[in-house]
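Data from final-v6.cif: mmCIF, C-alpha atoms and all ligand atoms
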data_model
#
loop_
_atom_site.label_atom_id
_atom_site.label_comp_id
_atom_site.auth_asym_id
_atom_site.auth_seq_id
_atom_site.Cartn_x
_atom_site.Cartn_y
_atom_site.Cartn_z
CA MET A 16 8.99 21.84 12.47
CA SER A 17 8.49 20.00 9.17
CA LYS A 18 5.39 20.61 7.07
CA ILE A 19 4.12 17.16 7.93
CA THR A 20 4.53 17.48 11.71
CA ASN A 21 2.93 20.92 11.48
CA CYS A 22 -0.06 19.35 9.80
CA LEU A 23 -0.21 16.44 12.27
CA ILE A 24 0.34 18.39 15.48
CA LYS A 25 -0.90 21.91 14.78
CA LYS A 26 -3.59 20.78 12.30
CA ASP A 27 -2.24 23.42 9.92
CA THR A 28 -4.34 23.74 6.76
CA SER A 29 -2.21 26.33 4.94
CA CYS A 30 -0.47 23.73 2.80
CA ILE A 31 -1.00 20.13 1.71
CA PRO A 32 2.18 18.11 2.22
CA VAL A 33 2.70 15.07 0.04
CA TRP A 34 4.49 11.71 0.26
CA PHE A 35 3.65 8.19 -0.93
CA MET A 36 3.59 4.81 0.73
CA ARG A 37 6.17 2.60 -1.01
CA GLN A 38 7.72 5.68 -2.62
CA ALA A 39 11.08 3.90 -2.39
CA GLY A 40 10.63 0.73 -4.35
CA ARG A 41 10.23 -1.32 -7.42
CA TYR A 42 8.61 1.28 -9.73
CA LEU A 43 11.95 3.19 -9.70
CA PRO A 44 14.65 1.90 -12.11
CA GLU A 45 17.37 3.15 -9.75
CA PHE A 46 15.89 0.94 -6.97
CA ARG A 47 15.62 -2.07 -9.29
CA GLU A 48 19.27 -1.69 -10.16
CA ILE A 49 20.37 -1.89 -6.51
CA ARG A 50 17.88 -4.68 -5.82
CA SER A 51 19.13 -6.81 -8.72
CA LYS A 52 22.59 -6.84 -7.16
CA ASN A 53 21.18 -7.60 -3.68
CA PRO A 54 18.99 -10.70 -3.88
CA ASN A 55 18.61 -11.03 -0.09
CA PHE A 56 15.99 -8.44 0.91
CA ILE A 57 16.61 -8.58 4.67
CA LYS A 58 20.35 -8.14 4.09
CA LEU A 59 19.59 -5.15 1.92
CA CYS A 60 17.48 -3.61 4.71
CA LEU A 61 20.45 -4.22 7.06
CA ASN A 62 22.90 -2.42 4.77
CA SER A 63 22.60 1.08 6.19
CA ASP A 64 24.41 2.82 3.32
CA LEU A 65 22.24 1.22 0.66
CA SER A 66 19.03 1.59 2.72
CA SER A 67 19.75 5.26 3.18
CA GLU A 68 20.51 5.69 -0.52
CA ILE A 69 17.24 3.95 -1.48
CA THR A 70 15.30 6.07 1.04
CA LEU A 71 16.56 9.23 -0.65
CA GLN A 72 16.09 8.08 -4.27
CA PRO A 73 12.50 9.35 -4.59
CA LEU A 74 13.48 12.69 -3.00
CA ASP A 75 16.20 13.20 -5.61
CA ARG A 76 13.55 12.88 -8.28
CA PHE A 77 10.45 14.50 -6.77
CA ASP A 78 9.45 17.44 -4.58
CA LEU A 79 8.22 15.26 -1.69
CA ASP A 80 7.74 16.48 1.89
CA ALA A 81 8.96 13.28 3.54
CA ALA A 82 11.29 10.36 3.19
CA ILE A 83 10.12 7.02 4.61
CA ILE A 84 12.95 4.84 5.78
CA PHE A 85 13.61 1.88 3.51
CA SER A 86 12.97 -1.08 5.80
CA ASP A 87 10.07 -3.48 6.33
CA ILE A 88 7.45 -4.29 8.96
CA LEU A 89 8.91 -7.83 8.98
CA MET A 90 12.22 -6.60 10.40
CA VAL A 91 10.53 -6.91 13.82
CA PRO A 92 9.80 -10.66 13.50
CA TYR A 93 13.38 -10.94 12.20
CA GLY A 94 14.64 -9.07 15.28
CA LEU A 95 12.58 -11.47 17.43
CA GLY A 96 14.29 -14.54 16.01
CA GLN A 97 12.25 -15.71 13.02
CA THR A 98 13.91 -16.05 9.64
CA VAL A 99 12.27 -14.00 6.90
CA GLU A 100 12.60 -14.72 3.20
CA PHE A 101 10.97 -13.03 0.24
CA ILE A 102 10.05 -15.42 -2.51
CA LYS A 103 9.69 -13.75 -5.89
CA GLY A 104 6.04 -13.50 -6.90
CA LYS A 105 4.90 -15.18 -3.65
CA GLY A 106 5.61 -12.67 -0.89
CA PRO A 107 7.26 -13.18 2.48
CA LYS A 108 7.95 -16.56 4.08
CA LEU A 109 8.81 -16.80 7.78
CA SER A 110 10.16 -19.75 9.74
CA LYS A 111 7.64 -21.46 12.02
CA PHE A 112 6.60 -19.43 15.04
CA ASN A 113 8.02 -20.80 18.30
CA MET A 114 6.38 -19.44 21.45
CA LYS A 115 9.31 -20.31 23.71
CA VAL A 116 11.88 -18.57 21.50
CA PHE A 117 9.52 -15.62 21.07
CA LEU A 118 8.98 -15.15 24.80
CA GLU A 119 12.70 -15.42 25.59
CA ASN A 120 13.61 -12.35 23.53
CA LYS A 121 15.62 -9.66 25.27
CA GLU A 122 15.58 -5.96 24.44
CA ASP A 123 19.37 -5.57 24.12
CA ASN A 124 19.65 -8.30 21.55
CA PHE A 125 16.71 -6.95 19.53
CA THR A 126 18.22 -3.46 19.40
CA LYS A 127 21.59 -4.92 18.41
CA LYS A 128 20.10 -6.98 15.59
CA LEU A 129 18.20 -4.01 14.17
CA ASN A 130 20.98 -1.50 14.74
CA PRO A 131 21.68 -1.07 10.98
CA VAL A 132 18.08 0.16 10.53
CA TYR A 133 18.72 2.85 13.13
CA GLN A 134 22.05 3.74 11.54
CA ALA A 135 20.30 4.12 8.17
CA ILE A 136 17.88 6.59 9.79
CA THR A 137 20.73 8.65 11.27
CA LYS A 138 22.60 8.69 7.94
CA THR A 139 19.46 9.72 6.07
CA ARG A 140 18.52 12.45 8.55
CA LYS A 141 21.93 14.08 8.07
CA LYS A 142 21.28 14.41 4.34
CA LEU A 143 17.69 15.61 4.60
CA SER A 144 16.71 19.26 4.99
CA ARG A 145 14.84 20.25 8.16
CA GLU A 146 11.51 21.02 6.49
CA LYS A 147 11.30 17.40 5.32
CA SER A 148 10.11 14.65 7.64
CA LEU A 149 11.81 11.32 8.05
CA ILE A 150 9.05 8.80 8.62
CA SER A 151 9.69 5.61 10.54
CA PHE A 152 7.15 2.79 10.68
CA ILE A 153 6.08 -0.43 12.34
CA GLY A 154 3.48 -3.09 11.62
CA ALA A 155 0.65 -3.21 14.18
CA PRO A 156 0.58 -6.35 16.37
CA TRP A 157 -2.29 -8.02 14.51
CA THR A 158 -0.66 -7.56 11.09
CA LEU A 159 2.62 -8.93 12.44
CA ILE A 160 0.82 -11.93 13.96
CA VAL A 161 -0.70 -12.64 10.52
CA TYR A 162 2.81 -13.01 9.07
CA MET A 163 4.49 -14.52 12.14
CA MET A 164 1.91 -17.28 12.45
CA GLY A 165 1.34 -17.73 8.73
CA LEU A 166 -2.33 -16.69 8.80
CA ARG A 167 -2.09 -14.68 5.61
CA GLN A 168 -5.02 -15.47 3.36
CA ASP A 169 -7.22 -13.82 0.82
CA LYS A 170 -9.20 -10.84 1.98
CA LYS A 171 -11.92 -12.88 3.68
CA LYS A 172 -12.52 -12.72 7.44
CA ILE A 173 -10.43 -15.13 9.41
CA ASN A 174 -11.60 -17.84 11.83
CA LEU A 175 -9.57 -17.18 14.93
CA GLU A 176 -10.87 -20.28 16.74
CA ASN A 177 -8.27 -22.37 14.89
CA ILE A 178 -5.32 -20.53 16.35
CA LYS A 179 -6.75 -19.86 19.80
CA LYS A 180 -6.11 -23.31 21.26
CA ASP A 181 -2.43 -22.86 22.05
CA PHE A 182 -2.20 -19.14 21.47
CA LYS A 183 -1.86 -17.05 24.61
CA ARG A 184 -3.29 -13.92 23.05
CA ASP A 185 -2.66 -11.41 25.79
CA VAL A 186 0.87 -12.65 26.45
CA VAL A 187 1.79 -12.41 22.76
CA LEU A 188 0.19 -8.98 22.34
CA GLU A 189 1.90 -7.66 25.46
CA LYS A 190 5.33 -8.92 24.35
CA LEU A 191 4.87 -7.52 20.84
CA ASN A 192 3.78 -4.18 22.26
CA LYS A 193 6.94 -3.98 24.35
CA PHE A 194 9.24 -4.61 21.38
CA LEU A 195 7.26 -2.34 19.06
CA CYS A 196 7.55 0.51 21.57
CA LEU A 197 11.29 -0.17 21.70
CA HIS A 198 11.50 -0.12 17.89
CA ILE A 199 9.56 3.17 17.79
CA LYS A 200 11.83 4.73 20.42
CA ASN A 201 15.03 3.50 18.74
CA GLN A 202 13.90 4.90 15.40
CA MET A 203 13.01 8.23 16.99
CA ASN A 204 16.35 8.44 18.82
CA ALA A 205 18.09 7.75 15.52
CA GLY A 206 16.39 10.77 13.91
CA ALA A 207 12.86 9.87 12.74
CA ASP A 208 10.27 12.60 13.45
CA VAL A 209 7.04 10.70 12.64
CA VAL A 210 5.94 7.07 12.92
CA GLN A 211 3.30 5.33 10.83
CA ILE A 212 1.61 2.19 12.14
CA PHE A 213 0.55 -0.19 9.36
CA ASP A 214 -2.34 -2.49 10.26
CA SER A 215 -2.56 -3.80 6.71
CA TRP A 216 -4.58 -6.90 7.63
CA ALA A 217 -7.03 -5.24 10.06
CA GLY A 218 -9.77 -5.84 7.47
CA ILE A 219 -9.82 -9.62 8.03
CA ILE A 220 -10.45 -9.45 11.79
CA PRO A 221 -13.99 -10.57 12.62
CA ASP A 222 -16.08 -7.67 14.00
CA ASN A 223 -16.43 -9.25 17.45
CA GLU A 224 -12.62 -9.42 17.81
CA ILE A 225 -11.68 -6.03 16.34
CA ASN A 226 -11.50 -4.36 19.73
CA ASP A 227 -9.00 -6.85 21.17
CA TYR A 228 -6.85 -7.32 18.06
CA CYS A 229 -6.95 -3.88 16.47
CA PHE A 230 -8.29 -0.98 18.57
CA THR A 231 -6.62 -1.86 21.90
CA PRO A 232 -3.13 -2.75 20.55
CA ASN A 233 -3.09 0.35 18.31
CA LYS A 234 -4.22 2.54 21.23
CA LYS A 235 -1.38 1.27 23.42
CA LEU A 236 1.15 2.16 20.73
CA VAL A 237 -0.41 5.58 20.09
CA ASP A 238 -0.45 6.36 23.83
CA TYR A 239 3.24 5.49 23.94
CA CYS A 240 4.00 7.81 20.99
CA LYS A 241 2.16 10.63 22.75
CA GLU A 242 4.19 9.96 25.90
CA ILE A 243 7.45 10.42 23.98
CA ASN A 244 6.06 13.33 21.89
CA LEU A 245 6.28 11.57 18.55
CA PRO A 246 3.55 12.33 15.97
CA VAL A 247 1.84 9.12 14.89
CA VAL A 248 -0.26 8.15 11.87
CA CYS A 249 -2.38 4.98 11.91
CA PHE A 250 -3.41 2.97 8.88
CA PRO A 251 -6.00 0.32 9.83
CA LYS A 252 -6.56 -0.82 6.25
CA GLY A 253 -9.85 -2.37 5.22
CA ILE A 254 -11.98 -1.79 8.34
CA GLY A 255 -14.67 0.26 6.55
CA VAL A 256 -17.09 2.16 8.81
CA ASN A 257 -15.06 0.95 11.80
CA TYR A 258 -12.62 3.78 10.94
CA LYS A 259 -14.93 6.00 12.98
CA LYS A 260 -14.79 3.84 16.07
CA PHE A 261 -11.04 3.32 15.60
CA LEU A 262 -10.50 7.08 15.66
CA GLU A 263 -12.72 7.62 18.71
CA ILE A 264 -10.82 4.98 20.67
CA VAL A 265 -7.23 5.22 19.38
CA LYS A 266 -6.99 9.01 18.76
CA PRO A 267 -3.77 9.19 16.70
CA HIS A 268 -2.52 12.53 15.32
CA GLY A 269 -3.15 11.32 11.77
CA ILE A 270 -5.10 8.57 10.05
CA ASN A 271 -4.54 7.21 6.54
CA ILE A 272 -7.76 6.22 4.78
CA ASP A 273 -7.77 3.35 2.29
CA TYR A 274 -9.23 3.40 -1.24
CA ASP A 275 -12.52 1.81 -0.11
CA ILE A 276 -13.31 4.81 2.09
CA ASP A 277 -15.44 7.54 0.48
CA PRO A 278 -13.49 10.78 1.08
CA LYS A 279 -16.76 12.69 1.70
CA TRP A 280 -17.72 10.17 4.39
CA ALA A 281 -14.23 10.55 5.88
CA LYS A 282 -14.54 14.32 6.02
CA ASP A 283 -17.95 14.12 7.74
CA ASN A 284 -17.11 11.30 10.14
CA LEU A 285 -13.40 11.47 10.97
CA LYS A 286 -12.92 14.75 12.82
CA ASN A 287 -10.23 16.37 14.96
CA VAL A 288 -7.52 14.42 13.19
CA CYS A 289 -5.20 14.99 10.26
CA LEU A 290 -6.40 12.83 7.37
CA GLN A 291 -3.95 11.27 4.95
CA GLY A 292 -4.17 9.45 1.62
CA GLY A 293 -7.14 7.66 0.13
CA MET A 294 -6.67 7.67 -3.65
CA ASP A 295 -6.55 4.23 -5.26
CA PRO A 296 -2.99 3.49 -6.46
CA LYS A 297 -4.54 1.86 -9.58
CA ILE A 298 -5.79 5.30 -10.71
CA LEU A 299 -2.16 5.99 -11.66
CA PHE A 300 -2.60 3.60 -14.61
CA GLU A 301 -5.43 5.72 -16.09
CA ASP A 302 -5.09 8.60 -18.58
CA GLU A 303 -4.00 12.01 -17.38
CA LYS A 304 -7.46 13.55 -17.47
CA LYS A 305 -8.90 10.87 -15.21
CA ILE A 306 -5.94 11.08 -12.83
CA ASN A 307 -6.30 14.85 -12.52
CA LEU A 308 -10.02 14.55 -11.81
CA GLU A 309 -9.35 12.03 -9.08
CA VAL A 310 -6.49 14.07 -7.50
CA ASP A 311 -8.75 17.14 -7.50
CA LYS A 312 -11.55 15.12 -5.91
CA TYR A 313 -9.35 14.53 -2.85
CA LEU A 314 -7.87 18.05 -2.81
CA ASP A 315 -11.30 19.74 -3.12
CA ASN A 316 -12.90 17.46 -0.58
CA PHE A 317 -10.23 18.06 2.09
CA ARG A 318 -9.86 21.82 1.43
CA ASN A 319 -9.53 23.66 4.77
CA THR A 320 -9.09 20.45 6.75
CA PRO A 321 -5.66 19.18 7.81
CA TYR A 322 -4.75 16.77 5.01
CA ILE A 323 -1.59 15.04 3.80
CA PHE A 324 -1.74 13.85 0.20
CA ASN A 325 -0.90 10.14 -0.20
CA LEU A 326 -2.64 7.02 -1.52
CA GLY A 327 -5.08 4.43 -0.18
CA HIS A 328 -2.29 1.80 -0.24
CA GLY A 329 1.29 1.57 -1.49
CA LEU A 330 2.47 2.52 -4.98
CA LEU A 331 2.33 -0.45 -7.34
CA PRO A 332 5.52 -1.69 -9.07
CA GLU A 333 4.04 -0.93 -12.53
CA THR A 334 3.61 2.80 -11.72
CA ASN A 335 5.18 5.23 -14.18
CA PRO A 336 7.45 7.66 -12.23
CA ASP A 337 6.62 10.51 -14.66
CA ILE A 338 2.94 10.24 -13.70
CA LEU A 339 3.90 10.54 -10.05
CA ALA A 340 5.89 13.72 -10.81
CA LYS A 341 2.81 15.24 -12.45
CA ILE A 342 0.59 14.39 -9.48
CA ILE A 343 3.06 15.95 -7.04
CA ASN A 344 3.16 19.13 -9.14
CA ARG A 345 -0.62 19.25 -9.20
CA VAL A 346 -0.83 18.94 -5.40
CA LYS A 347 1.91 21.56 -4.93
CA SER A 348 0.28 24.11 -7.25
CA TYR A 349 -3.25 23.58 -5.90
CA LYS A 350 -4.81 26.78 -4.62
O1 LIG B 1 12.07 -5.78 -4.22
C1 LIG B 1 11.30 -6.48 -3.57
O2 LIG B 1 10.89 -7.59 -3.95
C2 LIG B 1 10.92 -6.04 -2.22
C3 LIG B 1 9.63 -5.34 -2.21
C4 LIG B 1 9.47 -4.67 -0.87
C5 LIG B 1 9.75 -3.33 -0.57
C6 LIG B 1 10.23 -2.26 -1.51
C7 LIG B 1 9.08 -5.28 0.34
C8 LIG B 1 8.74 -6.69 0.56
N1 LIG B 1 9.12 -4.35 1.36
C9 LIG B 1 9.52 -3.14 0.83
C10 LIG B 1 9.75 -1.92 1.61
C11 LIG B 1 8.68 -1.46 2.52
N2 LIG B 1 7.73 -2.25 3.15
C12 LIG B 1 8.52 -0.15 2.94
C13 LIG B 1 9.56 0.91 2.56
C14 LIG B 1 9.32 2.29 2.58
C15 LIG B 1 8.40 2.81 1.47
O3 LIG B 1 7.20 2.85 1.68
O4 LIG B 1 8.94 3.26 0.45
C16 LIG B 1 7.37 -0.12 3.77
C17 LIG B 1 6.72 1.07 4.43
C18 LIG B 1 6.91 -1.44 3.90
C19 LIG B 1 5.78 -1.84 4.76
C20 LIG B 1 5.17 -3.17 4.61
N3 LIG B 1 5.81 -4.37 4.35
C21 LIG B 1 3.80 -3.47 4.82
C22 LIG B 1 2.79 -2.44 5.22
C23 LIG B 1 2.27 -1.68 4.06
C24 LIG B 1 1.45 -2.47 3.07
O5 LIG B 1 1.94 -2.64 1.96
O6 LIG B 1 0.35 -2.93 3.44
C25 LIG B 1 3.62 -4.83 4.62
C26 LIG B 1 2.31 -5.60 4.72
C27 LIG B 1 4.88 -5.41 4.34
C28 LIG B 1 5.19 -6.84 4.10
C29 LIG B 1 5.83 -6.96 2.78
N4 LIG B 1 7.14 -6.72 2.54
C30 LIG B 1 7.42 -6.88 1.20
C31 LIG B 1 6.20 -7.23 0.55
C32 LIG B 1 6.06 -7.51 -0.91
C33 LIG B 1 5.21 -7.24 1.55
C34 LIG B 1 3.73 -7.45 1.35
C35 LIG B 1 3.46 -8.87 1.07
C36 LIG B 1 2.02 -9.18 1.20
O7 LIG B 1 1.24 -8.72 0.35
O8 LIG B 1 1.70 -9.90 2.13
#

Go ahead and render the structure in this file as structure tokens.
Amino acid sequence: MSKITNCLIKKDTSCIPVWFMRQAGRYLPEFREIRSKNPNFIKLCLNSDLSSEITLQPLDRFDLDAAIIFSDILMVPYGLGQTVEFIKGKGPKLSKFNMKVFLENKEDNFTKKLNPVYQAITKTRKKLSREKSLISFIGAPWTLIVYMMGLRQDKKKINLENIKKDFKRDVVLEKLNKFLCLHIKNQMNAGADVVQIFDSWAGIIPDNEINDYCFTPNKKLVDYCKEINLPVVCFPKGIGVNYKKFLEIVKPHGINIDYDIDPKWAKDNLKNVCLQGGMDPKILFEDEKKINLEVDKYLDNFRNTPYIFNLGHGLLPETNPDILAKIINRVKSYK
């Protein structure tokens, strides 16, 4: 069993494993080099040799306890027939959502389209030692809907009345759930030993809709992971005190807290779960003394509770890799 699955399943507190969201990415010069020669991001994700190489880049540099497969949550909308483009400085752009095309999707075709992602997982697993986890991931249904239907806005709460008119909510959620379960299973069969569910836009769901759009769809996915014995970590970013309710309803093995969550509050309110992350990725731009204080704040707070060191969101492109190396060493030598 890897250190991370030990922490997630057995709630082991004897060591604090460490990995970072977006650990494979733009802050690494070796990633930027590959990226500059591969302007089409989706094509890059579908190149299993390069994806596997990028996945392992941070592990060649740092003493991390997991690799996270280099892919994207938007590979699922791609697999379901939407085109996905990444416009520099602007983020992702998807072709217009078409309900008919969406509902016609077949499992075989989806698996075939995303096969290179699964091949990348198998290739990576072969090169990774057993004590290291290989983390797969998906976007939660709500977060995918935000991109698929072009609802992405600033952080403010969203008015769902506008989309409800011709939006068959339960049909869309059910179909997405089916394909997300398939994507989880395919990634596991290819060699992934953990899955993380990113609900990055959960924070903009109005409170009266959070049950239907966040808790219930996440619970269905977590129940499926438990059925197939795959440890699962949820990340419902931005939901504040609703983290408590989320945990009571969804009950994943692990939960990643975001940087708005007070770690003390998390320790007191989020029990019987392995906690992960929390530290603001912007702290990595501060001086060493301040960084160390902040790292220790999380390590001290979660002493003797099952905890995986990570951040409260992904690493930022401006991060200095040498700072990351120092943080990892600090976590590893913490007594
Ligand atoms: O070079 C580039 O321009 C591409 C940048 C990039 C990278 C490195 C994108 C575009 N995706 C990725 C990889 C990625 N995406 C990983 C790889 C593994 C790792 O962590 O190292 C993961 C886990 C993701 C997940 C992801 N993609 C999320 C969930 C996590 C989060 O950041 O909240 C989301 C929302 C996306 C969509 C997406 N893909 C890429 C970008 C820039 C975005 C976010 C855009 C936005 O803010 O809406």

Within 7 Å of ligand LIG 1 (chain B) (all atoms listed in the file), residues as a VMD selection string: chain A and resid 35 to 41 50 56 70 83 to 89 101 103 106 to 107 152 154 213 215 328 to 329

Near-Ala82 of chain A list (7 Å; all atoms listed in the file; drop same-chain fewer than 5 positions) as a ChimeraX atom specification: /A:70-71,74,148-150

Please produce an output containing C-alpha atoms for each residue in the selection, written as a CSV table (one decimal), keeping the file's coordinate frame.
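Below is the file result.csv, written as the result:
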chain,number,residue,atom,x,y,z
A,70,THR,CA,15.3,6.1,1.0
A,71,LEU,CA,16.6,9.2,-0.6
A,74,LEU,CA,13.5,12.7,-3.0
A,148,SER,CA,10.1,14.6,7.6
A,149,LEU,CA,11.8,11.3,8.0
A,150,ILE,CA,9.0,8.8,8.6

Shortest interatomic distance to Thr137 of chain A - which of A:Ala207, A:Arg184, A:Leu166, A:Gly253, counting only C-alpha atoms: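 Result for the nearest residue to Thr137 of chain A: A:Ala207.
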
Selected residue of minimal separation from Leu245 of chain A among A:Glu224, A:Asp208, A:Asp214, A:Asp277, counting all atoms listed in the file: A:Asp208

Expected residue set, 7 Å radius at (-4.7, 7.3, -4.5), all atoms listed in the file, as an MDAnalysis selection string: chainID A and resid 274 292:296 298 325:327

Please dump the current selection as a PDB file, keeping the file's coordinate frame; keep C-alpha atoms.
ATOM      1  CA  TYR A 274      -9.230   3.400  -1.240  1.00  0.00           C
ATOM      2  CA  GLY A 292      -4.170   9.450   1.620  1.00  0.00           C
ATOM      3  CA  GLY A 293      -7.140   7.660   0.130  1.00  0.00           C
ATOM      4  CA  MET A 294      -6.670   7.670  -3.650  1.00  0.00           C
ATOM      5  CA  ASP A 295      -6.550   4.230  -5.260  1.00  0.00           C
ATOM      6  CA  PRO A 296      -2.990   3.490  -6.460  1.00  0.00           C
ATOM      7  CA  ILE A 298      -5.790   5.300 -10.710  1.00  0.00           C
ATOM      8  CA  ASN A 325      -0.900  10.140  -0.200  1.00  0.00           C
ATOM      9  CA  LEU A 326      -2.640   7.020  -1.520  1.00  0.00           C
ATOM     10  CA  GLY A 327      -5.080   4.430  -0.180  1.00  0.00           C
TER      11      GLY A 327
END

Spatial neighbours of Thr139 of chain A, 8 Å, only C-alpha atoms, chain gap at least 2 places, as a PyMOL selection string: chain A and resi 67-68+70-71+135-137+141-143
